[in-house]
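This is data-v4.tsv. It holds TSV, C-alpha atoms and all ligand atoms.
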chain	number	residue	atom	x	y	z
X	1	MET	CA	-10.73	-1.32	23.73
X	2	ARG	CA	-7.03	-0.68	23.18
X	3	ALA	CA	-6.33	1.35	20.06
X	4	VAL	CA	-3.61	3.41	18.44
X	5	ILE	CA	-4.67	7.04	18.57
X	6	GLN	CA	-3.41	9.81	16.30
X	7	GLU	CA	-4.59	13.27	17.38
X	8	ARG	CA	-2.39	15.30	15.01
X	9	TYR	CA	-0.29	15.04	11.89
X	10	GLY	CA	3.45	14.74	12.38
X	11	SER	CA	6.27	12.39	13.24
X	12	PRO	CA	5.82	8.91	14.78
X	13	ASP	CA	5.38	10.46	18.25
X	14	ALA	CA	1.99	11.70	17.02
X	15	VAL	CA	0.64	8.18	17.62
X	16	GLU	CA	0.17	6.54	21.00
X	17	LEU	CA	-1.66	3.61	22.49
X	18	GLY	CA	-4.88	4.53	24.30
X	19	GLU	CA	-8.39	3.42	25.17
X	20	LEU	CA	-11.45	4.07	23.02
X	21	PRO	CA	-15.02	2.77	23.21
X	22	GLU	CA	-15.53	-0.43	21.20
X	23	PRO	CA	-17.21	0.49	17.88
X	24	VAL	CA	-20.84	-0.54	17.43
X	25	PRO	CA	-21.54	-1.87	13.92
X	26	ALA	CA	-24.25	-0.04	11.97
X	27	GLU	CA	-26.94	-2.20	10.35
X	28	GLY	CA	-24.82	-2.58	7.19
X	29	GLU	CA	-21.53	-3.26	9.00
X	30	VAL	CA	-19.64	-6.10	10.61
X	31	LEU	CA	-17.57	-5.86	13.78
X	32	ILE	CA	-14.16	-7.49	13.44
X	33	GLU	CA	-11.91	-8.57	16.27
X	34	VAL	CA	-8.63	-7.49	14.68
X	35	ARG	CA	-5.78	-10.02	14.90
X	36	ALA	CA	-3.30	-8.25	12.64
X	37	ALA	CA	-3.06	-4.95	10.77
X	38	SER	CA	-0.34	-4.08	8.30
X	39	LEU	CA	1.07	-0.66	7.46
X	40	ASN	CA	1.44	0.84	4.00
X	41	GLY	CA	2.96	3.93	2.46
X	42	SER	CA	-0.51	5.46	2.88
X	43	ASP	CA	-0.19	5.08	6.69
X	44	ARG	CA	3.14	6.93	6.55
X	45	GLU	CA	1.43	9.66	4.52
X	46	ASN	CA	-1.60	9.75	6.83
X	47	LEU	CA	0.75	10.10	9.80
X	48	ALA	CA	2.56	13.05	8.22
X	49	GLY	CA	-0.60	14.59	6.69
X	50	SER	CA	1.22	14.83	3.37
X	51	PRO	CA	0.65	14.67	0.36
X	52	PHE	CA	-2.63	16.62	0.43
X	53	TYR	CA	-4.80	13.53	-0.11
X	54	ALA	CA	-3.62	12.29	3.29
X	55	ARG	CA	-5.72	15.14	4.78
X	56	LEU	CA	-9.00	13.98	3.29
X	57	ASN	CA	-9.50	12.57	6.80
X	58	GLY	CA	-9.33	16.09	8.29
X	59	LEU	CA	-7.53	19.24	7.22
X	60	ARG	CA	-6.00	20.25	10.56
X	61	ARG	CA	-6.15	16.97	12.49
X	62	PRO	CA	-7.33	13.44	11.71
X	63	ARG	CA	-11.11	13.28	12.11
X	64	ARG	CA	-10.95	9.50	12.56
X	65	PRO	CA	-8.15	9.09	15.09
X	66	VAL	CA	-7.34	5.38	14.62
X	67	PRO	CA	-4.90	4.74	11.75
X	68	GLY	CA	-4.58	1.52	9.75
X	69	SER	CA	-6.34	0.31	6.62
X	70	ASP	CA	-5.41	-3.35	6.14
X	71	VAL	CA	-6.74	-5.82	8.66
X	72	ALA	CA	-7.27	-9.53	9.23
X	73	GLY	CA	-9.45	-10.83	12.01
X	74	VAL	CA	-12.58	-12.62	13.16
X	75	VAL	CA	-16.15	-11.38	12.76
X	76	VAL	CA	-17.70	-11.03	16.20
X	77	SER	CA	-21.07	-9.47	15.32
X	78	VAL	CA	-22.96	-8.27	12.26
X	79	GLY	CA	-25.52	-5.50	11.67
X	80	SER	CA	-29.12	-6.47	10.91
X	81	ALA	CA	-28.69	-5.88	7.14
X	82	VAL	CA	-25.62	-8.11	6.79
X	83	SER	CA	-26.22	-11.66	5.61
X	84	GLU	CA	-22.94	-12.69	3.95
X	85	TYR	CA	-20.84	-12.96	7.11
X	86	ALA	CA	-21.57	-14.43	10.53
X	87	PRO	CA	-19.78	-14.37	13.87
X	88	GLY	CA	-16.73	-16.64	13.78
X	89	ASP	CA	-15.89	-16.00	10.10
X	90	GLU	CA	-12.22	-15.24	9.48
X	91	VAL	CA	-11.89	-12.26	7.13
X	92	PHE	CA	-9.37	-9.76	5.81
X	93	GLY	CA	-9.40	-6.64	3.69
X	94	GLU	CA	-9.15	-2.87	3.52
X	95	LEU	CA	-11.13	-0.50	5.70
X	96	LEU	CA	-12.99	2.38	4.08
X	97	GLY	CA	-11.06	5.63	4.20
X	98	TYR	CA	-7.87	3.76	5.17
X	99	ARG	CA	-8.63	4.25	8.89
X	100	GLY	CA	-9.60	2.26	11.96
X	101	GLY	CA	-7.46	-0.89	11.75
X	102	LEU	CA	-4.95	-0.46	14.56
X	103	ALA	CA	-7.32	-1.36	17.36
X	104	GLU	CA	-8.75	-4.42	19.03
X	105	TYR	CA	-12.02	-4.00	17.10
X	106	ALA	CA	-13.00	-2.37	13.82
X	107	ALA	CA	-16.49	-1.87	12.33
X	108	THR	CA	-16.71	-1.80	8.55
X	109	PRO	CA	-19.07	-2.52	5.66
X	110	PRO	CA	-18.47	-6.11	4.51
X	111	LYS	CA	-18.18	-5.32	0.79
X	112	LEU	CA	-14.39	-4.86	0.95
X	113	LEU	CA	-13.76	-7.95	3.05
X	114	ALA	CA	-12.89	-11.41	1.79
X	115	ARG	CA	-12.82	-14.73	3.59
X	116	LYS	CA	-9.35	-15.52	4.84
X	117	PRO	CA	-8.02	-18.72	3.24
X	118	PRO	CA	-7.50	-21.27	6.03
X	119	GLY	CA	-3.82	-21.83	5.20
X	120	LEU	CA	-2.96	-18.14	5.51
X	121	SER	CA	-2.08	-16.71	8.92
X	122	PHE	CA	-3.78	-13.51	10.09
X	123	THR	CA	-0.39	-11.79	9.91
X	124	ASP	CA	0.23	-12.82	6.29
X	125	ALA	CA	-3.36	-12.04	5.29
X	126	SER	CA	-3.13	-8.53	6.73
X	127	ALA	CA	-0.09	-7.87	4.53
X	128	ILE	CA	-2.04	-8.39	1.30
X	129	PRO	CA	-4.93	-5.95	0.79
X	130	GLN	CA	-3.62	-2.54	-0.32
X	131	ALA	CA	-0.25	-3.71	-1.63
X	132	GLY	CA	-1.85	-6.67	-3.38
X	133	CYS	CA	-4.57	-4.63	-5.08
X	134	ILE	CA	-2.01	-2.05	-6.25
X	135	ALA	CA	0.23	-4.79	-7.64
X	136	TYR	CA	-2.68	-6.55	-9.31
X	137	ARG	CA	-3.92	-3.41	-11.10
X	138	ALA	CA	-0.50	-2.00	-11.91
X	139	THR	CA	0.63	-5.18	-13.66
X	140	GLN	CA	-2.54	-5.81	-15.71
X	141	GLY	CA	-1.51	-6.20	-19.34
X	142	VAL	CA	2.20	-6.81	-18.68
X	143	LYS	CA	3.43	-9.38	-21.21
X	144	GLY	CA	6.33	-11.80	-21.34
X	145	GLY	CA	9.50	-9.99	-22.37
X	146	ASP	CA	8.24	-6.52	-21.36
X	147	ALA	CA	10.78	-4.25	-19.71
X	148	VAL	CA	9.16	-2.97	-16.50
X	149	LEU	CA	10.60	-0.43	-14.07
X	150	VAL	CA	9.20	-0.23	-10.54
X	151	ASN	CA	10.11	3.00	-8.75
X	152	GLY	CA	9.97	2.83	-4.94
X	153	ALA	CA	10.08	-0.97	-5.00
X	154	GLY	CA	11.67	-1.44	-1.58
X	155	GLY	CA	8.69	-0.38	0.55
X	156	ALA	CA	5.35	-1.92	1.48
X	157	GLY	CA	3.95	-2.53	-1.99
X	158	GLY	CA	7.03	-3.21	-4.07
X	159	ALA	CA	7.54	-6.92	-3.46
X	160	LEU	CA	4.14	-7.86	-4.89
X	161	VAL	CA	4.51	-5.47	-7.85
X	162	VAL	CA	7.93	-6.90	-8.72
X	163	GLY	CA	6.73	-10.46	-8.04
X	164	LEU	CA	3.67	-10.19	-10.29
X	165	ALA	CA	5.63	-8.49	-13.08
X	166	LYS	CA	8.19	-11.33	-12.94
X	167	HIS	CA	5.39	-13.92	-12.89
X	168	LEU	CA	4.05	-12.36	-16.11
X	169	GLY	CA	7.46	-12.76	-17.71
X	170	ALA	CA	8.76	-9.21	-17.51
X	171	GLU	CA	12.37	-8.12	-17.15
X	172	VAL	CA	12.18	-5.96	-14.02
X	173	THR	CA	14.29	-2.98	-12.95
X	174	ALA	CA	13.62	-1.99	-9.33
X	175	VAL	CA	14.55	1.46	-8.01
X	176	ASP	CA	14.90	2.44	-4.36
X	177	ARG	CA	17.53	3.55	-1.82
X	178	ALA	CA	20.89	2.10	-2.83
X	179	ASP	CA	21.29	0.11	0.41
X	180	LYS	CA	18.15	-1.89	-0.47
X	181	ALA	CA	19.74	-3.30	-3.65
X	182	ASP	CA	20.27	-6.82	-2.23
X	183	TYR	CA	16.68	-6.88	-1.02
X	184	LEU	CA	15.39	-5.77	-4.42
X	185	ARG	CA	17.24	-8.63	-6.09
X	186	GLU	CA	15.92	-11.07	-3.44
X	187	ILE	CA	12.33	-10.16	-4.34
X	188	GLY	CA	13.08	-10.98	-7.96
X	189	ALA	CA	14.30	-7.80	-9.64
X	190	ASP	CA	16.70	-8.43	-12.51
X	191	GLU	CA	18.38	-5.10	-11.86
X	192	ALA	CA	18.43	-2.86	-8.78
X	193	VAL	CA	19.07	0.87	-9.15
X	194	GLY	CA	19.83	3.20	-6.23
X	195	TYR	CA	17.94	6.46	-6.62
X	196	GLU	CA	20.93	8.32	-5.24
X	197	ASP	CA	23.16	6.81	-7.94
X	198	GLU	CA	21.16	7.26	-11.11
X	199	ASP	CA	18.04	8.99	-12.41
X	200	TRP	CA	16.10	6.27	-14.22
X	201	ALA	CA	14.24	8.91	-16.23
X	202	ASP	CA	17.47	9.44	-18.17
X	203	ARG	CA	17.20	5.91	-19.59
X	204	ARG	CA	15.59	7.00	-22.82
X	205	GLY	CA	13.21	4.63	-24.60
X	206	ARG	CA	13.95	1.65	-22.36
X	207	TYR	CA	10.68	0.60	-20.75
X	208	ASP	CA	7.33	-0.83	-21.79
X	209	ARG	CA	5.95	0.12	-18.42
X	210	VAL	CA	7.00	2.26	-15.49
X	211	ILE	CA	5.10	1.69	-12.24
X	212	ASP	CA	5.81	4.63	-9.96
X	213	LEU	CA	4.96	4.16	-6.30
X	214	ILE	CA	6.55	7.46	-5.34
X	215	GLY	CA	6.24	9.83	-8.33
X	216	HIS	CA	8.06	13.12	-8.21
X	217	ARG	CA	8.97	13.78	-11.83
X	218	SER	CA	6.98	15.71	-14.40
X	219	PRO	CA	4.98	13.72	-16.98
X	220	PHE	CA	7.18	15.16	-19.72
X	221	ARG	CA	10.27	13.82	-18.00
X	222	VAL	CA	9.01	10.32	-17.20
X	223	GLN	CA	7.69	9.69	-20.72
X	224	ARG	CA	11.25	9.79	-22.02
X	225	ALA	CA	12.03	6.46	-20.33
X	226	LEU	CA	9.19	4.75	-22.21
X	227	LYS	CA	9.42	2.86	-25.47
X	228	PRO	CA	6.89	3.92	-28.12
X	229	GLY	CA	3.57	2.45	-27.01
X	230	GLY	CA	4.79	2.20	-23.39
X	231	ALA	CA	2.86	3.24	-20.28
X	232	TYR	CA	3.78	5.20	-17.16
X	233	LEU	CA	1.49	4.58	-14.19
X	234	MET	CA	1.74	6.93	-11.22
X	235	VAL	CA	0.44	5.11	-8.15
X	236	GLY	CA	1.57	7.48	-5.39
X	237	GLY	CA	3.81	10.47	-4.85
X	238	HIS	CA	3.90	14.24	-4.62
X	239	THR	CA	0.71	16.31	-4.85
X	240	ARG	CA	2.06	18.68	-7.50
X	241	ILE	CA	3.12	15.75	-9.67
X	242	LEU	CA	-0.20	14.01	-9.16
X	243	PHE	CA	-2.04	17.03	-10.58
X	244	ALA	CA	0.54	17.51	-13.33
X	245	THR	CA	0.18	13.86	-14.37
X	246	LEU	CA	-3.61	14.04	-14.27
X	247	LEU	CA	-3.73	17.21	-16.34
X	248	ALA	CA	-0.73	16.98	-18.67
X	249	GLY	CA	-0.08	13.21	-18.69
X	250	PRO	CA	-2.31	12.51	-21.71
X	251	ALA	CA	-0.48	15.18	-23.75
X	252	ALA	CA	3.01	14.22	-22.59
X	253	GLY	CA	3.35	11.01	-24.57
X	254	LEU	CA	0.94	11.71	-27.39
X	255	GLY	CA	3.38	11.79	-30.34
X	256	ALA	CA	4.90	8.36	-29.63
X	257	LYS	CA	1.62	6.80	-28.46
X	258	LYS	CA	2.94	6.61	-24.92
X	259	ARG	CA	0.45	6.67	-22.07
X	260	VAL	CA	1.28	8.73	-18.99
X	261	ARG	CA	-1.37	8.59	-16.31
X	262	VAL	CA	-2.37	8.24	-12.69
X	263	LEU	CA	-3.45	4.72	-11.81
X	264	VAL	CA	-6.50	4.80	-9.57
X	265	VAL	CA	-6.63	1.58	-7.56
X	266	PRO	CA	-10.13	0.95	-6.24
X	267	GLN	CA	-10.63	-0.78	-2.91
X	268	SER	CA	-11.99	-4.00	-4.41
X	269	ARG	CA	-12.91	-7.39	-3.02
X	270	ALA	CA	-12.66	-8.96	-6.48
X	271	ASP	CA	-9.08	-7.73	-6.90
X	272	LEU	CA	-8.20	-8.82	-3.36
X	273	GLU	CA	-9.52	-12.32	-4.03
X	274	ALA	CA	-7.71	-12.51	-7.36
X	275	VAL	CA	-4.31	-11.52	-5.96
X	276	THR	CA	-4.80	-13.70	-2.88
X	277	ALA	CA	-5.43	-16.72	-5.12
X	278	LEU	CA	-2.03	-16.07	-6.71
X	279	ILE	CA	-0.41	-15.82	-3.28
X	280	VAL	CA	-2.06	-18.99	-1.98
X	281	GLY	CA	-1.02	-20.69	-5.23
X	282	GLY	CA	2.61	-19.82	-4.51
X	283	VAL	CA	3.01	-17.47	-7.49
X	284	VAL	CA	4.02	-14.46	-5.38
X	285	ALA	CA	4.40	-13.70	-1.69
X	286	PRO	CA	4.19	-10.55	0.39
X	287	VAL	CA	7.40	-9.83	2.27
X	288	ILE	CA	7.07	-9.07	5.97
X	289	ASP	CA	9.80	-6.84	7.33
X	290	ARG	CA	8.92	-6.80	11.05
X	291	VAL	CA	6.03	-7.68	13.32
X	292	TYR	CA	5.18	-5.60	16.43
X	293	PRO	CA	2.60	-6.21	19.16
X	294	LEU	CA	-0.15	-3.58	19.43
X	295	ASP	CA	1.41	-1.89	22.47
X	296	ARG	CA	4.55	-1.24	20.41
X	297	ALA	CA	2.65	0.17	17.40
X	298	PRO	CA	4.42	3.56	17.69
X	299	GLU	CA	7.67	1.69	16.90
X	300	ALA	CA	6.00	0.24	13.82
X	301	PHE	CA	5.27	3.80	12.66
X	302	ALA	CA	8.84	4.84	13.41
X	303	ARG	CA	9.98	1.95	11.24
X	304	ILE	CA	7.92	2.97	8.20
X	305	ALA	CA	8.70	6.66	8.73
X	306	SER	CA	12.43	5.85	8.60
X	307	GLY	CA	12.05	4.13	5.24
X	308	ASP	CA	14.27	1.34	6.59
X	309	ASN	CA	11.56	-1.30	6.19
X	310	ARG	CA	12.02	-3.74	3.37
X	311	GLY	CA	8.48	-4.86	2.68
X	312	LYS	CA	5.56	-4.81	5.08
X	313	VAL	CA	5.44	-3.88	8.75
X	314	VAL	CA	2.67	-5.70	10.63
X	315	VAL	CA	1.08	-5.01	14.01
X	316	GLU	CA	-0.36	-8.08	15.72
X	317	VAL	CA	-3.29	-7.76	18.09
X	318	ALA	CA	-3.56	-10.53	20.67
X	319	ALA	CA	-6.89	-12.36	20.83
X	320	PRO	CA	-8.83	-11.40	23.98
X	321	ARG	CA	-8.74	-14.05	26.74
X	401	LIG	N1	-3.33	5.14	-6.84
X	401	LIG	C1	-4.13	4.67	-5.90
X	401	LIG	O1	-5.35	4.51	-6.09
X	401	LIG	C2	-3.54	4.32	-4.56
X	401	LIG	C3	-4.24	3.51	-3.66
X	401	LIG	C4	-3.64	3.20	-2.45
X	401	LIG	C5	-2.38	3.69	-2.16
X	401	LIG	N2	-1.73	4.51	-3.06
X	401	LIG	C6	-0.39	5.06	-2.84
X	401	LIG	O2	0.54	4.12	-3.32
X	401	LIG	C7	1.80	4.33	-2.65
X	401	LIG	C8	2.14	2.94	-2.16
X	401	LIG	O3	3.45	2.73	-1.96
X	401	LIG	P1	4.01	1.82	-0.80
X	401	LIG	O4	2.94	1.47	0.18
X	401	LIG	O5	4.82	0.75	-1.37
X	401	LIG	O6	4.93	2.97	-0.17
X	401	LIG	P2	6.17	2.90	0.79
X	401	LIG	O7	6.08	1.71	1.68
X	401	LIG	O8	6.25	4.24	1.43
X	401	LIG	O9	7.41	2.68	-0.19
X	401	LIG	C9	7.95	3.69	-0.95
X	401	LIG	C10	9.40	3.35	-1.21
X	401	LIG	O10	9.94	4.37	-2.07
X	401	LIG	C11	11.25	4.69	-1.60
X	401	LIG	N3	11.62	6.02	-2.08
X	401	LIG	C12	11.62	7.21	-1.43
X	401	LIG	N4	12.06	8.19	-2.24
X	401	LIG	C13	12.34	7.60	-3.43
X	401	LIG	C14	12.83	8.10	-4.66
X	401	LIG	N5	13.14	9.38	-4.84
X	401	LIG	N6	12.99	7.23	-5.68
X	401	LIG	C15	12.70	5.90	-5.52
X	401	LIG	N7	12.24	5.38	-4.36
X	401	LIG	C16	12.05	6.22	-3.33
X	401	LIG	C17	11.13	4.58	-0.10
X	401	LIG	O11	12.42	4.40	0.47
X	401	LIG	P3	13.10	5.48	1.46
X	401	LIG	O12	12.01	6.09	2.28
X	401	LIG	O13	14.07	4.65	2.25
X	401	LIG	O14	13.78	6.49	0.60
X	401	LIG	C18	10.26	3.33	0.03
X	401	LIG	O15	11.06	2.16	0.03
X	401	LIG	C19	1.52	5.34	-1.54
X	401	LIG	O16	1.93	6.63	-1.96
X	401	LIG	C20	-0.03	5.33	-1.42
X	401	LIG	O17	-0.61	6.54	-1.00
X	401	LIG	C21	-2.29	4.80	-4.26

Can you present the structure in this file as structure tokens?
Amino acid sequence: MRAVIQERYGSPDAVELGELPEPVPAEGEVLIEVRAASLNGSDRENLAGSPFYARLNGLRRPRRPVPGSDVAGVVVSVGSAVSEYAPGDEVFGELLGYRGGLAEYAATPPKLLARKPPGLSFTDASAIPQAGCIAYRATQGVKGGDAVLVNGAGGAGGALVVGLAKHLGAEVTAVDRADKADYLREIGADEAVGYEDEDWADRRGRYDRVIDLIGHRSPFRVQRALKPGGAYLMVGGHTRILFATLLAGPAAGLGAKKRVRVLVVPQSRADLEAVTALIVGGVVAPVIDRVYPLDRAPEAFARIASGDNRGKVVVEVAAPR
């Protein structure tokens, strides 16, 4: 089968199109004919091998060479222990370990997959899983009138985070590169802040919630932007800050009952179905920046590595003839 192969960590030229044997599903797996796979910040990190958690797939080189976590496609065969899906079912979801999606076929346990709603294209469905589950978890508990800041809102996950926060009635400040300001307002932000222009952490006592997709400030610094009782959720970002937030976050906001913590987003079918119901219902929509065919997947990586994408980059895989 044709697949994107990544033999080393590095820049976008570390990925190329090649040929690999078609995976054979284990007894508890399904084999999917992939029709579309979308890229996330995690794919950019897994390409670079940084932060450290991007090397859980191999310290010196990727053990599983095919990148890509979010897929939509058609089940073509199932292992002997699988009863919930059958060949012909249209499914979408995240792959375990965030690997294996950028290929003509992917084998995966079915527990993370959901049935693709008939009205949703494979391309749109592939844009939902990781970004949707992050947005769903990160906005739990947001109330009407809350002031919410989303840091790193211009990339793969931001549109759904901003969209869900707005749906819940929040006043949303979105932070990203200054030249993405128009885009941030288009996805619903009430205010767009360029990170080159202003450090949002200097806005003392302004926010009920900060959702940080690209954390690089200490927990003691970020807590200053929170109102008493507010919460800072670190979703992604620098390794050092991840550990600092894990270890010192609980102490950082203690006096003013602020919560400063890392948000762990499980790969969850229930969350995927919940956020997809909101998308199908027209409440929010993923934003697709560009679509590339599989043989131009290295360009898709160059796009996310540049940071120029506004929303999701999707790779479409043509159905076999
Ligand atoms: N917590 C969990 O359980 C969990 C689960 C899955 C994924 N994740 C993580 O969640 C994150 C998901 O984010 P994503 O997919 O939306 O990432 P993304 O597509 O890489 O978007 C990040 C955005 O942040 C911008 N940015 C860069 N530096 C910034 C700065 N200093 N201040 C503000 N914005 C800045 C980037 O723009 P420029 O590049 O143009 O500057 C980009 O638009 C990833 O780190 C992923 O690993 C966490």

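Across X:Gly237, X:Leu213, X:Val172, X:Val317, the tightest approach to X:Arg296 is made by X:Val317 when counting only C-alpha atoms.
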
TODO: Could I get the residue neighbourhood of ligand LIG 401 (chain X) at 7 Å, counting all atoms listed in the file, as a ChimeraX atom specification?
DONE: /X:40-42,44-45,130-131,134,151-158,175-177,195,213-214,234-237,262-266,304,306-308,310

Open item on the list: Need to verify the contact set: X:Arg185, 10 Å, all atoms listed in the file, exclusion of same-chain residues closer than 4 positions in sequence. Can you return it as a PyMOL selection string?
Closed with: chain X and resi 162+172-174+180-181+189-192

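Rounded to one decimal, atom CA of X:Gly68 and atom CA of X:Val275 lie 20.4 Å from each other.
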
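For the atom pair formed by atom CA of X:Ala135 and atom CA of X:Ser218, the distance is 22.6 Å, given to one decimal.
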
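Minimum distance to X:Ala319 across X:Glu104, X:Glu273, X:Glu7, X:Asp43 (counting all atoms listed in the file) occurs at X:Glu104.
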
Open item on the list: Show me, as a PyMOL selection string, the residues that have an atom within 9 Å of X:Ala285 when counting all atoms listed in the file, minus same-chain residues fewer than 6 positions from it.
Closed with: chain X and resi 128+159-160+163+278-279

Contacts of X:Asp202 at 10 Å or less, counting only C-alpha atoms, minus same-chain residues fewer than 2 places along, as a tab-separated table (two decimals) with C-alpha atoms, in the coordinates of the input?
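The resulting selection.tsv:
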chain	number	residue	atom	x	y	z
X	198	GLU	CA	21.16	7.26	-11.11
X	199	ASP	CA	18.04	8.99	-12.41
X	200	TRP	CA	16.10	6.27	-14.22
X	204	ARG	CA	15.59	7.00	-22.82
X	205	GLY	CA	13.21	4.63	-24.60
X	206	ARG	CA	13.95	1.65	-22.36
X	221	ARG	CA	10.27	13.82	-18.00
X	222	VAL	CA	9.01	10.32	-17.20
X	224	ARG	CA	11.25	9.79	-22.02
X	225	ALA	CA	12.03	6.46	-20.33

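For the set X:Leu102, X:Leu164, X:Leu47, X:Leu31, the residue with the smallest atom-to-atom gap to X:Leu17 is X:Leu102, counting all atoms listed in the file.
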
Open item on the list: For X:Val4, find every residue with an atom within 12 Å (counting all atoms listed in the file), except residues of its own chain fewer than 4 positions away, and show them as a ChimeraX atom specification.
Closed with: /X:12-20,37,47,64-68,99-106,293-301,315,317
